[in-house]
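Novice: I am attaching a structure below and will ask some questions about it afterwards.
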Amino acid sequence: MDAEVYGQREVRRARYAVGTVFAVHGAVTGSFATRVPWIQDHAGVSPGQLGLALAFPALGASVAMPLAGRISHRFGARTALRGLIALWTLALVLPSVAPNLLTLCLVLFVYGATAGMSDVAMNALGVEVENRLDRSIMSGLHGMWSVGALIGSAAGTLAAHLGTDARLHHTLAAGVLTVVGVAAAGHVLDLRSAVDEEPPPRFALPPRSALLIGAIGFCAVFAEGASLDWSAVYLRDRLDASAGLAAACTTGFTLTMAVARIAGDRVVDRYGAVRTVRASGVVAVGGGLLIVLAQHPAAAMAGFALTGLGIAVVVPLCFAAAGRSGSNPSLAIAGVATITYTSGLIAPSAIGLLAQATSLMVSFVLVTVLSCGLAGFAGVLRGGDRVKTTRPDAAVPGPRT
């Protein structure tokens with residue numbers, strides 16, 4: 001009994017540790033995003049060249065994500081996460097020191113690669129903790145990522161307002177986040193593969209299960225990327241909103257997603273992944289229709305808030321389902337992550353191109369149509385529902401220590 005109580009304490013401690021790592025990961029993203037204008041000026045690149053450079057993080061992530069499982073196999077999950085989260089936080093410094101377009105593209109490739117590998121590692125550990133606790137926590141973990149992103153962006157906004165050199169800002173931020181991230185990663189579950197277990201391949205196509213689950217994530221992340229990057233423009237250009245009100249719309253969307261993710265685990269535990277995503281899809285479609293039909297900024301802001309509410313828990317549930325599908329959870333999680341990263345990459349440009357050819361309203365008709373996919377295809381998450389079990393090895397193959 002004492003061993004069982006100790007084991008539960010260790011799992012609960014691991015939950016808070018993984019949650020902290022998620023917040024650190026988000027804080028790096030928020031810190032970088034707020035200083036992109038400074039980085040653009042420092043590197044001397046045009047808007048078009050900046051758009052090209054900003055494609056490289058997703059490219060780096062897509063190439064490197066499958067390596068996360070192999071690194072965890074060799075060094076153990078705890079050591080792997082400590083190393084990968086340190087690489088990610090330290091990579092924050094690289095974009096601000098890039099002097100030209102070529103260097104910026106190269107460092108953003110590295111930046112994305114470290115982001116992707118640490119993303120896969122922390123999600124795999126999150127799924128394992130969720131299985132051992134036998135209740136949903138993935139939505140809350142992604143909510144912690146959103147909280148971290150908000151904190152990072154707030155600090156970045158203050159640094160930009162004060163005119164702080166981004167090299168100094170990012171060096172200080174990287175130092176603090178590295179210390180916090182490595183310390184937190186030292187308390188996650190120390191999962192290790194069996195001695196005779198075959199290591200995951202360095203590169204492999206995502207399994208079929210990941211493709212189906214990733215399709216749901218693609219729809220959600222497309223709506224997220226479109227809303228984050230275009231909500232303020234939509235209010236300003238289509239509804240003549242002030243700059244302050246337009247910016248508030250984007251902030252409101254982000255806050256809605258963060259709050260919904262933190263509160264989402266209770267809903268998932270009560271209704272299950274499939275019903276939750278179906279209902280989420282209906283809410284997201286309602287939000288999209290409200291955006292498209294809005295004649296006043298307040299109505300559009302309500303629509304974006306509903307969209308954020310509708311898509312908030314979808315990606316966490318996709319990662320959870322991937323971690324419980326097939327014989328190689330790390331590969332499945334990497335596959336889903338690659339698909340969602342790709343969606344986040346193409347969404348802003350796709351919305352812009354369609355808006356240029358037609359109108360912003362038509363662009364968000366596309367977002368609304370894709371949101372229908374959440375409700376229509378939620379059934380693919382059924383295989384990833386948690387099964388009541390006392391086995392400690394439900395998510396990641398190999399013996400546990």
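Just remember, in the structure tokens the first chain shown is A, the second B, etc., residues are 1-based per chain, and ligands are 1-based in the order shown.
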Counting only C-alpha atoms, which residues in region 235-287 of chain A sit no more than 10 Å from region 305-314 of chain A? For each one, give the nearest pair of atoms and the distance in Å, sorted by chain then residue number, as JSON lines.

Specialist:
{"residue": "A:Cys249", "atom": "CA", "partner": "A:Ala305", "partner_atom": "CA", "distance": 8.1}
{"residue": "A:Thr250", "atom": "CA", "partner": "A:Ala305", "partner_atom": "CA", "distance": 9.0}
{"residue": "A:Thr251", "atom": "CA", "partner": "A:Ala305", "partner_atom": "CA", "distance": 9.8}
{"residue": "A:Gly252", "atom": "CA", "partner": "A:Ala305", "partner_atom": "CA", "distance": 6.6}
{"residue": "A:Phe253", "atom": "CA", "partner": "A:Ala305", "partner_atom": "CA", "distance": 5.1}
{"residue": "A:Thr254", "atom": "CA", "partner": "A:Gly308", "partner_atom": "CA", "distance": 7.2}
{"residue": "A:Leu255", "atom": "CA", "partner": "A:Gly308", "partner_atom": "CA", "distance": 8.5}
{"residue": "A:Thr256", "atom": "CA", "partner": "A:Gly308", "partner_atom": "CA", "distance": 5.8}
{"residue": "A:Met257", "atom": "CA", "partner": "A:Ala312", "partner_atom": "CA", "distance": 5.0}
{"residue": "A:Ala258", "atom": "CA", "partner": "A:Ala312", "partner_atom": "CA", "distance": 7.4}
{"residue": "A:Val259", "atom": "CA", "partner": "A:Leu309", "partner_atom": "CA", "distance": 8.5}
{"residue": "A:Ala260", "atom": "CA", "partner": "A:Leu309", "partner_atom": "CA", "distance": 5.9}
{"residue": "A:Arg261", "atom": "CA", "partner": "A:Val313", "partner_atom": "CA", "distance": 5.5}
{"residue": "A:Ile262", "atom": "CA", "partner": "A:Val313", "partner_atom": "CA", "distance": 9.0}
{"residue": "A:Ala263", "atom": "CA", "partner": "A:Val313", "partner_atom": "CA", "distance": 9.4}
{"residue": "A:Gly264", "atom": "CA", "partner": "A:Val313", "partner_atom": "CA", "distance": 6.3}
{"residue": "A:Asp265", "atom": "CA", "partner": "A:Val313", "partner_atom": "CA", "distance": 8.4}
{"residue": "A:Val267", "atom": "CA", "partner": "A:Val313", "partner_atom": "CA", "distance": 9.7}
{"residue": "A:Val268", "atom": "CA", "partner": "A:Val313", "partner_atom": "CA", "distance": 8.8}
{"residue": "A:Ala273", "atom": "CA", "partner": "A:Val314", "partner_atom": "CA", "distance": 8.7}
{"residue": "A:Val274", "atom": "CA", "partner": "A:Val314", "partner_atom": "CA", "distance": 9.9}
{"residue": "A:Thr276", "atom": "CA", "partner": "A:Val313", "partner_atom": "CA", "distance": 8.4}
{"residue": "A:Val277", "atom": "CA", "partner": "A:Val314", "partner_atom": "CA", "distance": 6.2}
{"residue": "A:Arg278", "atom": "CA", "partner": "A:Gly310", "partner_atom": "CA", "distance": 9.4}
{"residue": "A:Ala279", "atom": "CA", "partner": "A:Gly310", "partner_atom": "CA", "distance": 7.8}
{"residue": "A:Ser280", "atom": "CA", "partner": "A:Gly310", "partner_atom": "CA", "distance": 4.2}
{"residue": "A:Gly281", "atom": "CA", "partner": "A:Gly310", "partner_atom": "CA", "distance": 5.9}
{"residue": "A:Val282", "atom": "CA", "partner": "A:Gly310", "partner_atom": "CA", "distance": 7.4}
{"residue": "A:Val283", "atom": "CA", "partner": "A:Gly310", "partner_atom": "CA", "distance": 5.0}
{"residue": "A:Ala284", "atom": "CA", "partner": "A:Thr307", "partner_atom": "CA", "distance": 4.3}
{"residue": "A:Val285", "atom": "CA", "partner": "A:Thr307", "partner_atom": "CA", "distance": 7.3}
{"residue": "A:Gly286", "atom": "CA", "partner": "A:Leu306", "partner_atom": "CA", "distance": 7.2}
{"residue": "A:Gly287", "atom": "CA", "partner": "A:Leu306", "partner_atom": "CA", "distance": 4.7}

Novice: Val176 (chain A): which residues within 12 Å, counting only C-alpha atoms, same-chain residues fewer than 3 positions away excluded, as a VMD selection string?

Specialist: chain A and resid 24 27 to 28 86 89 to 90 92 152 169 to 173 179 to 183

Novice: Would you return as number ranges by chain the members of region 182-383 of chain A that DSSP assigns to helix (DSSP H, G or I) on this structure's backbone?

Specialist: A: 182-185, 208-239, 243-293, 297-311, 314-323, 329-357, 360-376, 378-383

Novice: Could you tell me which of A:Gly323, A:Arg382, A:Val365, A:His73 comes closest to Ala210 (chain A) if we count only C-alpha atoms?

Specialist: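 Of the candidates, the smallest distance to Ala210 (chain A) is held by A:Gly323.
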
Novice: From the options A:Pro297, A:Gly19, A:Gly303, A:Gly288, which residue's atoms come nearest to Gly143 (chain A), counting only C-alpha atoms?

Specialist: A:Gly19

Novice: So which residues touch Thr79 (chain A) within 9 Å, counting only C-alpha atoms, skipping near sequence neighbours fewer than 6 positions away, as a VMD selection string?

Specialist: chain A and resid 72 185 to 186 190

Novice: For the selection you just gave me, I'd like the residues written to a file as a PDB file, in the first residue's frame, keeping all heavy atoms.

Specialist:
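Okay, part.pdb is ready:
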ATOM      1  N   SER A  72      14.591   9.396 -26.940  1.00  0.00           N
ATOM      2  CA  SER A  72      14.012   8.886 -25.692  1.00  0.00           C
ATOM      3  C   SER A  72      14.364   7.418 -25.491  1.00  0.00           C
ATOM      4  O   SER A  72      14.592   6.973 -24.359  1.00  0.00           O
ATOM      5  CB  SER A  72      12.494   9.072 -25.703  1.00  0.00           C
ATOM      6  OG  SER A  72      12.158  10.443 -25.705  1.00  0.00           O
ATOM      7  N   ALA A 185      11.817  19.276 -15.867  1.00  0.00           N
ATOM      8  CA  ALA A 185      11.967  18.010 -16.580  1.00  0.00           C
ATOM      9  C   ALA A 185      12.648  16.948 -15.722  1.00  0.00           C
ATOM     10  O   ALA A 185      12.487  15.752 -15.971  1.00  0.00           O
ATOM     11  CB  ALA A 185      12.760  18.228 -17.867  1.00  0.00           C
ATOM     12  N   GLY A 186      13.381  17.371 -14.708  1.00  0.00           N
ATOM     13  CA  GLY A 186      14.020  16.420 -13.808  1.00  0.00           C
ATOM     14  C   GLY A 186      13.046  15.676 -12.925  1.00  0.00           C
ATOM     15  O   GLY A 186      13.443  14.711 -12.248  1.00  0.00           O
ATOM     16  N   ASP A 190      10.513   8.727 -15.297  1.00  0.00           N
ATOM     17  CA  ASP A 190      11.751   8.261 -15.921  1.00  0.00           C
ATOM     18  C   ASP A 190      11.463   6.951 -16.655  1.00  0.00           C
ATOM     19  O   ASP A 190      11.749   5.859 -16.159  1.00  0.00           O
ATOM     20  CB  ASP A 190      12.835   8.062 -14.862  1.00  0.00           C
ATOM     21  CG  ASP A 190      14.209   7.858 -15.484  1.00  0.00           C
ATOM     22  OD1 ASP A 190      14.357   8.150 -16.690  1.00  0.00           O
ATOM     23  OD2 ASP A 190      15.119   7.406 -14.773  1.00  0.00           O
TER      24      ASP A 190
END

Novice: For Thr157 (chain A), which of A:Gly379, A:Gly344, A:Gly30, A:Gly373 is the closest residue, counting only C-alpha atoms?

Specialist: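 Between A:Gly379, A:Gly344, A:Gly30, A:Gly373, the residue approaching Thr157 (chain A) most closely is A:Gly30.
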
Novice: For Ser153 (chain A), work out the shell of residues within 10 Å, counting only C-alpha atoms and skipping chain neighbours fewer than 5 positions away, then give it as a ChimeraX atom specification.

Specialist: /A:26-35,147-148,158-159

Novice: For the selection you just gave me, I'd like the residues written to a file as an mmCIF file, in the first residue's frame, keeping all heavy atoms.

Specialist:
data_model
loop_
_atom_site.group_PDB
_atom_site.id
_atom_site.type_symbol
_atom_site.label_atom_id
_atom_site.label_comp_id
_atom_site.auth_asym_id
_atom_site.auth_seq_id
_atom_site.Cartn_x
_atom_site.Cartn_y
_atom_site.Cartn_z
ATOM 1 N N GLY A 26 5.649 27.024 -24.273
ATOM 2 C CA GLY A 26 4.811 28.104 -24.778
ATOM 3 C C GLY A 26 5.440 29.472 -24.596
ATOM 4 O O GLY A 26 5.298 30.352 -25.451
ATOM 5 N N ALA A 27 6.160 29.659 -23.478
ATOM 6 C CA ALA A 27 6.783 30.955 -23.211
ATOM 7 C C ALA A 27 7.855 31.287 -24.239
ATOM 8 O O ALA A 27 8.030 32.450 -24.612
ATOM 9 C CB ALA A 27 7.386 30.964 -21.804
ATOM 10 N N VAL A 28 8.567 30.272 -24.731
ATOM 11 C CA VAL A 28 9.559 30.507 -25.781
ATOM 12 C C VAL A 28 8.871 31.020 -27.038
ATOM 13 O O VAL A 28 9.305 32.000 -27.660
ATOM 14 C CB VAL A 28 10.356 29.226 -26.082
ATOM 15 C CG1 VAL A 28 11.299 29.449 -27.266
ATOM 16 C CG2 VAL A 28 11.151 28.786 -24.865
ATOM 17 N N THR A 29 7.768 30.368 -27.411
ATOM 18 C CA THR A 29 7.025 30.785 -28.599
ATOM 19 C C THR A 29 6.513 32.209 -28.467
ATOM 20 O O THR A 29 6.631 33.026 -29.392
ATOM 21 C CB THR A 29 5.848 29.830 -28.849
ATOM 22 O OG1 THR A 29 6.339 28.500 -29.011
ATOM 23 C CG2 THR A 29 5.071 30.233 -30.097
ATOM 24 N N GLY A 30 5.932 32.534 -27.300
ATOM 25 C CA GLY A 30 5.422 33.878 -27.083
ATOM 26 C C GLY A 30 6.521 34.923 -27.090
ATOM 27 O O GLY A 30 6.355 36.022 -27.622
ATOM 28 N N SER A 31 7.686 34.574 -26.531
ATOM 29 C CA SER A 31 8.809 35.510 -26.500
ATOM 30 C C SER A 31 9.312 35.811 -27.906
ATOM 31 O O SER A 31 9.644 36.958 -28.239
ATOM 32 C CB SER A 31 9.954 34.932 -25.659
ATOM 33 O OG SER A 31 9.544 34.720 -24.328
ATOM 34 N N PHE A 32 9.385 34.788 -28.741
ATOM 35 C CA PHE A 32 9.848 34.974 -30.116
ATOM 36 C C PHE A 32 8.854 35.793 -30.935
ATOM 37 O O PHE A 32 9.237 36.727 -31.652
ATOM 38 C CB PHE A 32 10.073 33.609 -30.776
ATOM 39 C CG PHE A 32 10.247 33.684 -32.262
ATOM 40 C CD1 PHE A 32 11.425 34.160 -32.812
ATOM 41 C CD2 PHE A 32 9.224 33.299 -33.118
ATOM 42 C CE1 PHE A 32 11.591 34.242 -34.189
ATOM 43 C CE2 PHE A 32 9.375 33.368 -34.488
ATOM 44 C CZ PHE A 32 10.558 33.845 -35.038
ATOM 45 N N ALA A 33 7.572 35.460 -30.831
ATOM 46 C CA ALA A 33 6.561 36.073 -31.700
ATOM 47 C C ALA A 33 6.501 37.582 -31.539
ATOM 48 O O ALA A 33 6.318 38.313 -32.524
ATOM 49 C CB ALA A 33 5.192 35.453 -31.421
ATOM 50 N N THR A 34 6.677 38.062 -30.321
ATOM 51 C CA THR A 34 6.556 39.505 -30.086
ATOM 52 C C THR A 34 7.726 40.304 -30.639
ATOM 53 O O THR A 34 7.626 41.516 -30.823
ATOM 54 C CB THR A 34 6.437 39.793 -28.581
ATOM 55 O OG1 THR A 34 7.553 39.192 -27.908
ATOM 56 C CG2 THR A 34 5.137 39.244 -28.017
ATOM 57 N N ARG A 35 8.862 39.641 -30.924
ATOM 58 C CA ARG A 35 10.053 40.363 -31.386
ATOM 59 C C ARG A 35 10.345 40.126 -32.866
ATOM 60 O O ARG A 35 11.427 40.494 -33.351
ATOM 61 C CB ARG A 35 11.275 39.978 -30.547
ATOM 62 C CG ARG A 35 11.113 40.160 -29.048
ATOM 63 C CD ARG A 35 10.535 41.527 -28.623
ATOM 64 N NE ARG A 35 11.255 42.669 -29.100
ATOM 65 C CZ ARG A 35 12.260 43.256 -28.441
ATOM 66 N NH1 ARG A 35 12.645 42.755 -27.275
ATOM 67 N NH2 ARG A 35 12.856 44.310 -28.939
ATOM 68 N N VAL A 147 -0.938 29.417 -21.419
ATOM 69 C CA VAL A 147 -0.591 30.357 -20.342
ATOM 70 C C VAL A 147 0.859 30.801 -20.489
ATOM 71 O O VAL A 147 1.190 31.989 -20.359
ATOM 72 C CB VAL A 147 -0.823 29.705 -18.967
ATOM 73 C CG1 VAL A 147 -0.223 30.572 -17.851
ATOM 74 C CG2 VAL A 147 -2.312 29.503 -18.721
ATOM 75 N N GLY A 148 1.744 29.852 -20.776
ATOM 76 C CA GLY A 148 3.142 30.202 -20.984
ATOM 77 C C GLY A 148 3.336 31.140 -22.158
ATOM 78 O O GLY A 148 4.129 32.091 -22.089
ATOM 79 N N LEU A 158 6.387 44.071 -23.302
ATOM 80 C CA LEU A 158 6.998 45.063 -22.413
ATOM 81 C C LEU A 158 8.410 45.403 -22.892
ATOM 82 O O LEU A 158 8.795 46.586 -22.933
ATOM 83 C CB LEU A 158 7.032 44.523 -20.990
ATOM 84 C CG LEU A 158 7.718 45.420 -19.945
ATOM 85 C CD1 LEU A 158 6.990 46.760 -19.835
ATOM 86 C CD2 LEU A 158 7.767 44.716 -18.587
ATOM 87 N N ALA A 159 9.183 44.377 -23.272
ATOM 88 C CA ALA A 159 10.552 44.615 -23.742
ATOM 89 C C ALA A 159 10.544 45.458 -25.015
ATOM 90 O O ALA A 159 11.372 46.368 -25.170
ATOM 91 C CB ALA A 159 11.249 43.275 -23.996
#

Novice: Could you check which of A:Ala155, A:Leu345, A:Ala23, A:Ala17 is closest to Val129 (chain A), using only C-alpha atoms?

Specialist: A:Ala17

Novice: Of the candidates A:Arg266, A:Arg78, A:His25, A:His42, which one gets nearest to Asp165 (chain A) if we count only C-alpha atoms?

Specialist: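 Comparing A:Arg266, A:Arg78, A:His25, A:His42 against Asp165 (chain A), the winner is A:His42.
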
Novice: Using only C-alpha atoms, determine which residues lie at most 10 Å from Gly335 (chain A), disregarding the query and same-chain residues fewer than 4 positions distant; provide the list as a list of chain:residue names.

Specialist: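 Result of the neighbour search: A:Ser62, A:Met65, A:Pro66, A:Val120, A:Ala204, A:Leu205, A:Pro206, A:Pro207, A:Arg208, A:Ser209, A:Ala210, A:Leu211, A:Ile213, A:Gly214, A:Phe319, A:Ala322, A:Pro329, A:Ser330, A:Leu331, A:Ile339, A:Thr340, A:Tyr341.
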